[in-house]
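> model.pdb is reproduced below (PDB, C-alpha atoms).
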```pdb
ATOM      1  CA  MET A   1       4.732  18.258 -11.671
ATOM      2  CA  LYS A   2       7.681  19.833 -13.440
ATOM      3  CA  ILE A   3       9.080  23.099 -12.127
ATOM      4  CA  LEU A   4      10.140  25.843 -14.556
ATOM      5  CA  SER A   5      12.329  28.715 -13.425
ATOM      6  CA  HIS A   6      10.998  32.072 -14.641
ATOM      7  CA  ARG A   7      13.737  33.821 -16.669
ATOM      8  CA  GLY A   8      16.222  31.322 -15.287
ATOM      9  CA  TYR A   9      17.039  30.432 -11.695
ATOM     10  CA  TRP A  10      18.089  33.935 -10.713
ATOM     11  CA  GLN A  11      19.156  34.903  -7.207
ATOM     12  CA  ALA A  12      19.353  38.667  -7.788
ATOM     13  CA  PRO A  13      17.114  40.667 -10.144
ATOM     14  CA  GLY A  14      20.056  41.574 -12.366
ATOM     15  CA  GLU A  15      20.558  37.886 -13.204
ATOM     16  CA  LYS A  16      17.164  37.482 -14.906
ATOM     17  CA  ASN A  17      17.506  36.175 -18.477
ATOM     18  CA  CYS A  18      21.293  36.034 -18.112
ATOM     19  CA  ALA A  19      23.637  33.125 -18.750
ATOM     20  CA  VAL A  20      24.394  32.670 -15.037
ATOM     21  CA  ALA A  21      20.690  32.178 -14.241
ATOM     22  CA  PHE A  22      20.245  29.695 -17.085
ATOM     23  CA  ALA A  23      23.356  27.740 -16.109
ATOM     24  CA  ARG A  24      22.105  27.549 -12.506
ATOM     25  CA  SER A  25      18.646  26.432 -13.639
ATOM     26  CA  PHE A  26      19.993  23.771 -15.979
ATOM     27  CA  ALA A  27      22.436  22.476 -13.355
ATOM     28  CA  ALA A  28      19.593  22.132 -10.843
ATOM     29  CA  GLY A  29      17.463  20.197 -13.335
ATOM     30  CA  PHE A  30      14.659  22.731 -13.560
ATOM     31  CA  GLY A  31      12.742  23.486 -16.691
ATOM     32  CA  THR A  32      13.295  27.068 -17.794
ATOM     33  CA  GLU A  33      11.145  29.896 -19.154
ATOM     34  CA  THR A  34      12.701  32.773 -21.050
ATOM     35  CA  ASP A  35      11.870  35.625 -23.431
ATOM     36  CA  VAL A  36      12.808  35.732 -27.116
ATOM     37  CA  ARG A  37      12.815  38.793 -29.359
ATOM     38  CA  ASP A  38      14.978  40.150 -32.175
ATOM     39  CA  ARG A  39      17.670  42.809 -32.282
ATOM     40  CA  ASN A  40      19.445  43.812 -35.485
ATOM     41  CA  GLY A  41      18.257  40.677 -37.260
ATOM     42  CA  MET A  42      19.398  38.294 -34.514
ATOM     43  CA  LEU A  43      17.349  36.465 -31.889
ATOM     44  CA  VAL A  44      18.180  37.522 -28.347
ATOM     45  CA  ILE A  45      16.953  36.850 -24.829
ATOM     46  CA  ALA A  46      15.152  39.899 -23.452
ATOM     47  CA  HIS A  47      11.826  40.625 -21.779
ATOM     48  CA  ASN A  48      11.872  44.336 -22.641
ATOM     49  CA  PRO A  49      13.331  46.033 -25.741
ATOM     50  CA  ALA A  50      16.770  44.502 -26.067
ATOM     51  CA  GLU A  51      19.938  46.256 -24.990
ATOM     52  CA  PRO A  52      23.247  45.623 -26.818
ATOM     53  CA  SER A  53      24.269  43.350 -23.938
ATOM     54  CA  ALA A  54      21.289  40.988 -24.415
ATOM     55  CA  LEU A  55      22.258  37.319 -24.477
ATOM     56  CA  PRO A  56      22.029  35.769 -27.950
ATOM     57  CA  ALA A  57      19.281  33.144 -28.042
ATOM     58  CA  ARG A  58      21.816  30.817 -29.659
ATOM     59  CA  ASP A  59      23.914  30.911 -26.470
ATOM     60  CA  CYS A  60      20.911  30.013 -24.317
ATOM     61  CA  LEU A  61      19.975  27.085 -26.549
ATOM     62  CA  ALA A  62      23.589  25.913 -26.624
ATOM     63  CA  LEU A  63      23.731  25.910 -22.815
ATOM     64  CA  HIS A  64      20.455  23.997 -22.698
ATOM     65  CA  ALA A  65      21.637  21.421 -25.243
ATOM     66  CA  ALA A  66      24.909  20.889 -23.381
ATOM     67  CA  HIS A  67      23.574  20.666 -19.838
ATOM     68  CA  ALA A  68      19.804  20.116 -19.723
ATOM     69  CA  ALA A  69      18.571  18.827 -23.070
ATOM     70  CA  GLY A  70      15.724  16.830 -21.524
ATOM     71  CA  THR A  71      14.247  19.601 -19.385
ATOM     72  CA  PRO A  72      11.337  21.735 -20.615
ATOM     73  CA  LEU A  73      12.154  25.031 -22.312
ATOM     74  CA  ALA A  74       9.342  27.595 -22.490
ATOM     75  CA  LEU A  75       9.900  30.356 -25.042
ATOM     76  CA  ASN A  76       7.880  33.512 -24.421
ATOM     77  CA  ILE A  77       7.739  35.153 -27.856
ATOM     78  CA  LYS A  78       7.998  38.924 -27.531
ATOM     79  CA  ALA A  79       7.851  40.036 -31.187
ATOM     80  CA  ASP A  80       6.066  39.170 -34.417
ATOM     81  CA  GLY A  81       7.751  37.719 -37.472
ATOM     82  CA  LEU A  82      10.244  35.454 -35.704
ATOM     83  CA  VAL A  83       9.059  32.095 -37.046
ATOM     84  CA  PRO A  84      11.729  31.618 -39.749
ATOM     85  CA  LEU A  85      14.632  32.647 -37.499
ATOM     86  CA  LEU A  86      13.380  30.661 -34.530
ATOM     87  CA  ALA A  87      12.483  27.538 -36.517
ATOM     88  CA  SER A  88      15.996  27.504 -37.990
ATOM     89  CA  LEU A  89      17.630  27.891 -34.584
ATOM     90  CA  LEU A  90      15.467  25.198 -33.014
ATOM     91  CA  ALA A  91      16.238  22.820 -35.887
ATOM     92  CA  GLU A  92      19.936  23.365 -35.238
ATOM     93  CA  PHE A  93      19.800  22.557 -31.516
ATOM     94  CA  SER A  94      16.797  20.164 -31.535
ATOM     95  CA  PRO A  95      15.584  20.577 -27.936
ATOM     96  CA  ARG A  96      13.500  17.542 -27.028
ATOM     97  CA  ASP A  97      10.946  19.376 -24.877
ATOM     98  CA  PHE A  98      10.069  22.962 -25.715
ATOM     99  CA  PHE A  99       7.084  25.143 -26.509
ATOM    100  CA  CYS A 100       6.360  28.680 -27.660
ATOM    101  CA  PHE A 101       3.692  30.871 -26.076
ATOM    102  CA  ASP A 102       2.165  34.338 -25.698
ATOM    103  CA  MET A 103       2.105  35.187 -29.404
ATOM    104  CA  SER A 104      -0.707  37.235 -30.938
ATOM    105  CA  ALA A 105      -3.500  35.228 -32.572
ATOM    106  CA  PRO A 106      -2.179  35.708 -36.144
ATOM    107  CA  GLU A 107       1.334  34.769 -35.019
ATOM    108  CA  THR A 108       0.049  31.717 -33.159
ATOM    109  CA  ARG A 109      -1.431  30.463 -36.434
ATOM    110  CA  ARG A 110       1.968  30.892 -38.094
ATOM    111  CA  TYR A 111       3.690  28.900 -35.340
ATOM    112  CA  LEU A 112       1.114  26.140 -35.620
ATOM    113  CA  SER A 113       1.468  26.106 -39.417
ATOM    114  CA  ALA A 114       5.237  25.798 -39.015
ATOM    115  CA  GLY A 115       4.748  22.734 -36.824
ATOM    116  CA  LEU A 116       6.180  24.376 -33.702
ATOM    117  CA  PRO A 117       4.634  23.293 -30.374
ATOM    118  CA  VAL A 118       2.439  26.035 -28.945
ATOM    119  CA  PHE A 119       0.880  26.639 -25.542
ATOM    120  CA  THR A 120      -2.146  28.903 -25.773
ATOM    121  CA  ARG A 121      -3.129  31.144 -22.879
ATOM    122  CA  GLN A 122      -6.136  30.752 -20.632
ATOM    123  CA  SER A 123      -6.641  33.245 -17.821
ATOM    124  CA  ASP A 124      -9.157  35.100 -15.707
ATOM    125  CA  CYS A 125      -9.359  37.530 -18.671
ATOM    126  CA  GLU A 126      -9.418  34.820 -21.371
ATOM    127  CA  PRO A 127     -11.734  32.011 -20.220
ATOM    128  CA  GLU A 128     -11.624  30.251 -23.601
ATOM    129  CA  PRO A 129      -8.097  29.693 -24.953
ATOM    130  CA  LEU A 130      -7.604  30.264 -28.674
ATOM    131  CA  PHE A 131      -6.606  27.265 -30.835
ATOM    132  CA  ALA A 132      -6.874  24.906 -27.856
ATOM    133  CA  ASP A 133      -7.694  21.975 -30.126
ATOM    134  CA  GLN A 134      -4.413  22.490 -32.011
ATOM    135  CA  ALA A 135      -2.203  23.463 -29.081
ATOM    136  CA  ALA A 136       0.253  21.220 -27.271
ATOM    137  CA  GLY A 137      -0.697  22.811 -23.991
ATOM    138  CA  ILE A 138      -2.244  25.619 -21.981
ATOM    139  CA  TRP A 139      -0.462  28.539 -20.336
ATOM    140  CA  ALA A 140      -2.684  28.949 -17.264
ATOM    141  CA  ASP A 141      -2.336  32.545 -16.101
ATOM    142  CA  ALA A 142      -4.129  34.880 -13.706
ATOM    143  CA  PHE A 143      -3.704  38.633 -13.870
ATOM    144  CA  GLY A 144      -6.068  39.399 -11.029
ATOM    145  CA  ASP A 145      -7.600  36.244  -9.582
ATOM    146  CA  ASP A 146      -6.215  32.707  -9.878
ATOM    147  CA  CYS A 147      -9.241  31.021  -8.275
ATOM    148  CA  TRP A 148     -10.286  29.796 -11.734
ATOM    149  CA  ILE A 149      -7.323  27.359 -11.660
ATOM    150  CA  THR A 150      -9.156  24.388 -10.162
ATOM    151  CA  ARG A 151      -8.861  20.626 -10.444
ATOM    152  CA  GLU A 152     -11.722  20.636 -12.952
ATOM    153  CA  ALA A 153     -10.091  23.347 -15.094
ATOM    154  CA  LEU A 154      -6.796  21.462 -15.157
ATOM    155  CA  LEU A 155      -8.426  18.107 -15.910
ATOM    156  CA  ARG A 156     -10.332  19.618 -18.833
ATOM    157  CA  HIS A 157      -7.019  19.979 -20.634
ATOM    158  CA  LEU A 158      -5.014  17.111 -19.156
ATOM    159  CA  ASP A 159      -7.757  14.632 -20.069
ATOM    160  CA  ALA A 160      -7.727  16.037 -23.637
ATOM    161  CA  GLY A 161      -4.007  15.281 -23.932
ATOM    162  CA  ARG A 162      -2.847  18.865 -23.434
ATOM    163  CA  ARG A 163      -0.140  19.787 -20.951
ATOM    164  CA  VAL A 164      -0.803  22.673 -18.575
ATOM    165  CA  CYS A 165       1.737  25.179 -17.268
ATOM    166  CA  VAL A 166       0.438  27.166 -14.300
ATOM    167  CA  VAL A 167       1.853  30.652 -13.744
ATOM    168  CA  SER A 168       2.752  31.040 -10.081
ATOM    169  CA  SER A 169       1.154  34.041  -8.392
ATOM    170  CA  GLU A 170       4.388  35.805  -7.408
ATOM    171  CA  LEU A 171       5.010  36.560 -11.090
ATOM    172  CA  HIS A 172       2.160  39.051 -10.694
ATOM    173  CA  GLY A 173       3.222  40.339  -7.278
ATOM    174  CA  ARG A 174       0.934  38.104  -5.200
ATOM    175  CA  ASN A 175       1.643  35.558  -2.482
ATOM    176  CA  PRO A 176       1.880  32.170  -4.244
ATOM    177  CA  GLN A 177       1.053  30.045  -1.209
ATOM    178  CA  PRO A 178      -2.751  29.941  -1.655
ATOM    179  CA  LEU A 179      -2.336  28.788  -5.263
ATOM    180  CA  TRP A 180       0.321  26.243  -4.318
ATOM    181  CA  ASP A 181      -1.940  24.876  -1.575
ATOM    182  CA  ARG A 182      -4.816  24.535  -4.059
ATOM    183  CA  LEU A 183      -2.582  22.827  -6.606
ATOM    184  CA  GLN A 184      -1.369  20.383  -3.978
ATOM    185  CA  ALA A 185      -4.965  19.644  -2.986
ATOM    186  CA  THR A 186      -5.937  18.729  -6.573
ATOM    187  CA  GLY A 187      -3.998  15.478  -6.342
ATOM    188  CA  LEU A 188      -2.599  16.183  -9.813
ATOM    189  CA  THR A 189       0.912  17.329  -8.915
ATOM    190  CA  GLY A 190       2.296  13.845  -9.526
ATOM    191  CA  SER A 191       1.641  14.304 -13.257
ATOM    192  CA  HIS A 192       4.573  15.220 -15.511
ATOM    193  CA  GLU A 193       2.015  16.854 -17.826
ATOM    194  CA  LEU A 194       1.462  19.579 -15.231
ATOM    195  CA  LEU A 195       4.085  22.337 -14.966
ATOM    196  CA  LEU A 196       4.592  25.358 -12.728
ATOM    197  CA  CYS A 197       6.470  28.495 -13.820
ATOM    198  CA  THR A 198       7.891  30.266 -10.770
ATOM    199  CA  ASP A 199      10.447  32.745  -9.506
ATOM    200  CA  ARG A 200      10.982  30.393  -6.541
ATOM    201  CA  PRO A 201      11.904  27.067  -8.162
ATOM    202  CA  ALA A 202      13.845  25.568  -5.246
ATOM    203  CA  GLU A 203      11.090  26.495  -2.785
ATOM    204  CA  ALA A 204       8.442  25.067  -5.123
ATOM    205  CA  ARG A 205      10.352  21.820  -5.631
ATOM    206  CA  ASN A 206      10.643  21.369  -1.870
ATOM    207  CA  PHE A 207       6.974  22.201  -1.257
ATOM    208  CA  PHE A 208       5.549  19.894  -3.909
ATOM    209  CA  SER A 209       7.891  17.014  -3.113
ATOM    210  CA  THR A 210       6.818  17.002   0.549
ATOM    211  CA  PRO A 211       4.071  14.444   1.244
TER     212      PRO A 211
END
```
For this file, produce the structure as C-alpha cells.

Amino acid sequence: MKILSHRGYWQAPGEKNCAVAFARSFAAGFGTETDVRDRNGMLVIAHNPAEPSALPARDCLALHAAHAAGTPLALNIKADGLVPLLASLLAEFSPRDFFCFDMSAPETRRYLSAGLPVFTRQSDCEPEPLFADQAAGIWADAFGDDCWITREALLRHLDAGRRVCVVSSELHGRNPQPLWDRLQATGLTGSHELLLCTDRPAEARNFFSTP
C-alpha cells in the first residue's frame, strides 16, 4: 500500500499545503495529496479561498518533478473551469503518477474528456461512484461511518483494474486505528494499487510495514 501525506507531510498546522510540507513529504518518499484552485488567473495550492501568499501550483509541481517524480500526486480540485490551465501545467511537468478528484459531476466529465486520470468518490453517502467504469480509481471516503470500507468493497474495484485511495479517519476527526486495523486484516495492504491518504504518514508507514 502506498501512503499519501494529506496536504503534505506537515508537522504543525500552519505548514499544511506549504512548500516545507511538500519538500518533507517528497524527501520521505510519500505520495502527496494537495488542493488546487485558481487566484487571479493562476493555479495555486489552497484548500480554502486563496490568500495572496498561496503557493503557486507550478512551484509544487516543480518540487515534485525535481525530488519525487515517481510518487503519487493526488490533486483535489477545488474550483470549476480549471481543465485548460491544469492540463497545460501537467503537460509541462509530466508527473508519472497523478490523479484528479472531488470535482462536480459535470467537471468530472470534462476531466475525463481531456484524458486526465480521475478518481471518483465512493462514500457512506455515495454508495455508487459516478463514472466508475471510466475512472482510474476510487476515492474511498467516509464522512460518518467507514465500516463500508471492507475487503469486498476494495476488491470490487481492484479486481476491475481500478486503484483505490482510502481516506484515513483522522481527516474527519476520528481515531484512525479501527480503520487501519481493518485494512491490515484485509490482506490487501501489500498491493501498490491500494493507497491511504493520511495526516500521519510516518505512523501509517510504520504500522503497515510491521508484520
> Work out how far CA of Asn48 (chain A) is from CA of Ser113 (chain A), in Å to one decimal.
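Those two atoms sit 26.9 Å apart.
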> Please report as a tab-separated table every residue of region 88-132 of chain A lying within 10 Å of region 27-36 of chain A, along with the nearest atom pair and their distance in Å (one decimal), using all atoms listed in the file.

```
residue	atom	partner	partner_atom	distance
A:Asp97	CA	A:Gly31	CA	9.3
A:Phe98	CA	A:Gly31	CA	9.4
A:Phe99	CA	A:Glu33	CA	9.7
A:Cys100	CA	A:Val36	CA	9.6
A:Phe101	CA	A:Asp35	CA	9.8
```
> To test your reading of the syntax: which residues would the PyMOL selection byres ((chain A and resi 74-90) around 10) return for the file shown? Reply as a ChimeraX atom specification.
/A:4-7,31-38,41-43,45-49,57-58,61,71-73,91-104,106-108,110-111,113-116,118-119,165,197
> Run through the PyMOL selection byres ((chain A and resi 154) around 10) on the given coordinates and return the selected residues as a short mmCIF file (atom, residue, chain, number, x, y, z; two decimals) with C-alpha atoms, in the coordinates of the input.

```cif
data_model
loop_
_atom_site.label_atom_id
_atom_site.label_comp_id
_atom_site.auth_asym_id
_atom_site.auth_seq_id
_atom_site.Cartn_x
_atom_site.Cartn_y
_atom_site.Cartn_z
CA ILE A 138 -2.24 25.62 -21.98
CA ALA A 140 -2.68 28.95 -17.26
CA TRP A 148 -10.29 29.80 -11.73
CA ILE A 149 -7.32 27.36 -11.66
CA THR A 150 -9.16 24.39 -10.16
CA ARG A 151 -8.86 20.63 -10.44
CA GLU A 152 -11.72 20.64 -12.95
CA ALA A 153 -10.09 23.35 -15.09
CA LEU A 155 -8.43 18.11 -15.91
CA ARG A 156 -10.33 19.62 -18.83
CA HIS A 157 -7.02 19.98 -20.63
CA LEU A 158 -5.01 17.11 -19.16
CA ASP A 159 -7.76 14.63 -20.07
CA ARG A 162 -2.85 18.86 -23.43
CA ARG A 163 -0.14 19.79 -20.95
CA VAL A 164 -0.80 22.67 -18.58
CA CYS A 165 1.74 25.18 -17.27
CA VAL A 166 0.44 27.17 -14.30
CA LEU A 183 -2.58 22.83 -6.61
CA THR A 186 -5.94 18.73 -6.57
CA LEU A 188 -2.60 16.18 -9.81
CA LEU A 194 1.46 19.58 -15.23
#
```
> Can you list what the PyMOL selection byres ((chain A and resi 9) around 7) grabs from this structure, as an MDAnalysis selection string?
chainID A and resid 5:8 10:11 21:22 24:25
> Restrict the selected residues to C-alpha atoms and save them as a PDB file, in the frame of the given file.

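The result, written out as result_6.pdb:
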```
ATOM      1  CA  SER A   5      12.329  28.715 -13.425  1.00  0.00           C
ATOM      2  CA  HIS A   6      10.998  32.072 -14.641  1.00  0.00           C
ATOM      3  CA  ARG A   7      13.737  33.821 -16.669  1.00  0.00           C
ATOM      4  CA  GLY A   8      16.222  31.322 -15.287  1.00  0.00           C
ATOM      5  CA  TRP A  10      18.089  33.935 -10.713  1.00  0.00           C
ATOM      6  CA  GLN A  11      19.156  34.903  -7.207  1.00  0.00           C
ATOM      7  CA  ALA A  21      20.690  32.178 -14.241  1.00  0.00           C
ATOM      8  CA  PHE A  22      20.245  29.695 -17.085  1.00  0.00           C
ATOM      9  CA  ARG A  24      22.105  27.549 -12.506  1.00  0.00           C
ATOM     10  CA  SER A  25      18.646  26.432 -13.639  1.00  0.00           C
TER      11      SER A  25
END
```
> Interatomic distance between CA of Pro52 (chain A) and CA of Ala12 (chain A)?
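Value for the CA of Pro52 (chain A)-CA of Ala12 (chain A) distance: 20.6 Å.
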> Excluding Met1 (chain A) and any residue of its chain fewer than 2 positions from it, enumerate the residues within 6 Å of it, using only C-alpha atoms, and give them as a short mmCIF file (atom, residue, chain, number, x, y, z; two decimals) with C-alpha atoms, keeping the file's coordinate frame.

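Dumped to around_2.cif:
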```cif
data_model
loop_
_atom_site.label_atom_id
_atom_site.label_comp_id
_atom_site.auth_asym_id
_atom_site.auth_seq_id
_atom_site.Cartn_x
_atom_site.Cartn_y
_atom_site.Cartn_z
CA THR A 189 0.91 17.33 -8.91
CA GLY A 190 2.30 13.84 -9.53
CA SER A 191 1.64 14.30 -13.26
CA HIS A 192 4.57 15.22 -15.51
CA LEU A 194 1.46 19.58 -15.23
CA LEU A 195 4.08 22.34 -14.97
#
```
> Please compute the CA of Leu55 (chain A)-CA of Lys16 (chain A) distance, one decimal, in Å.
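So the two atoms, CA of Leu55 (chain A) and CA of Lys16 (chain A), lie 10.8 Å apart.
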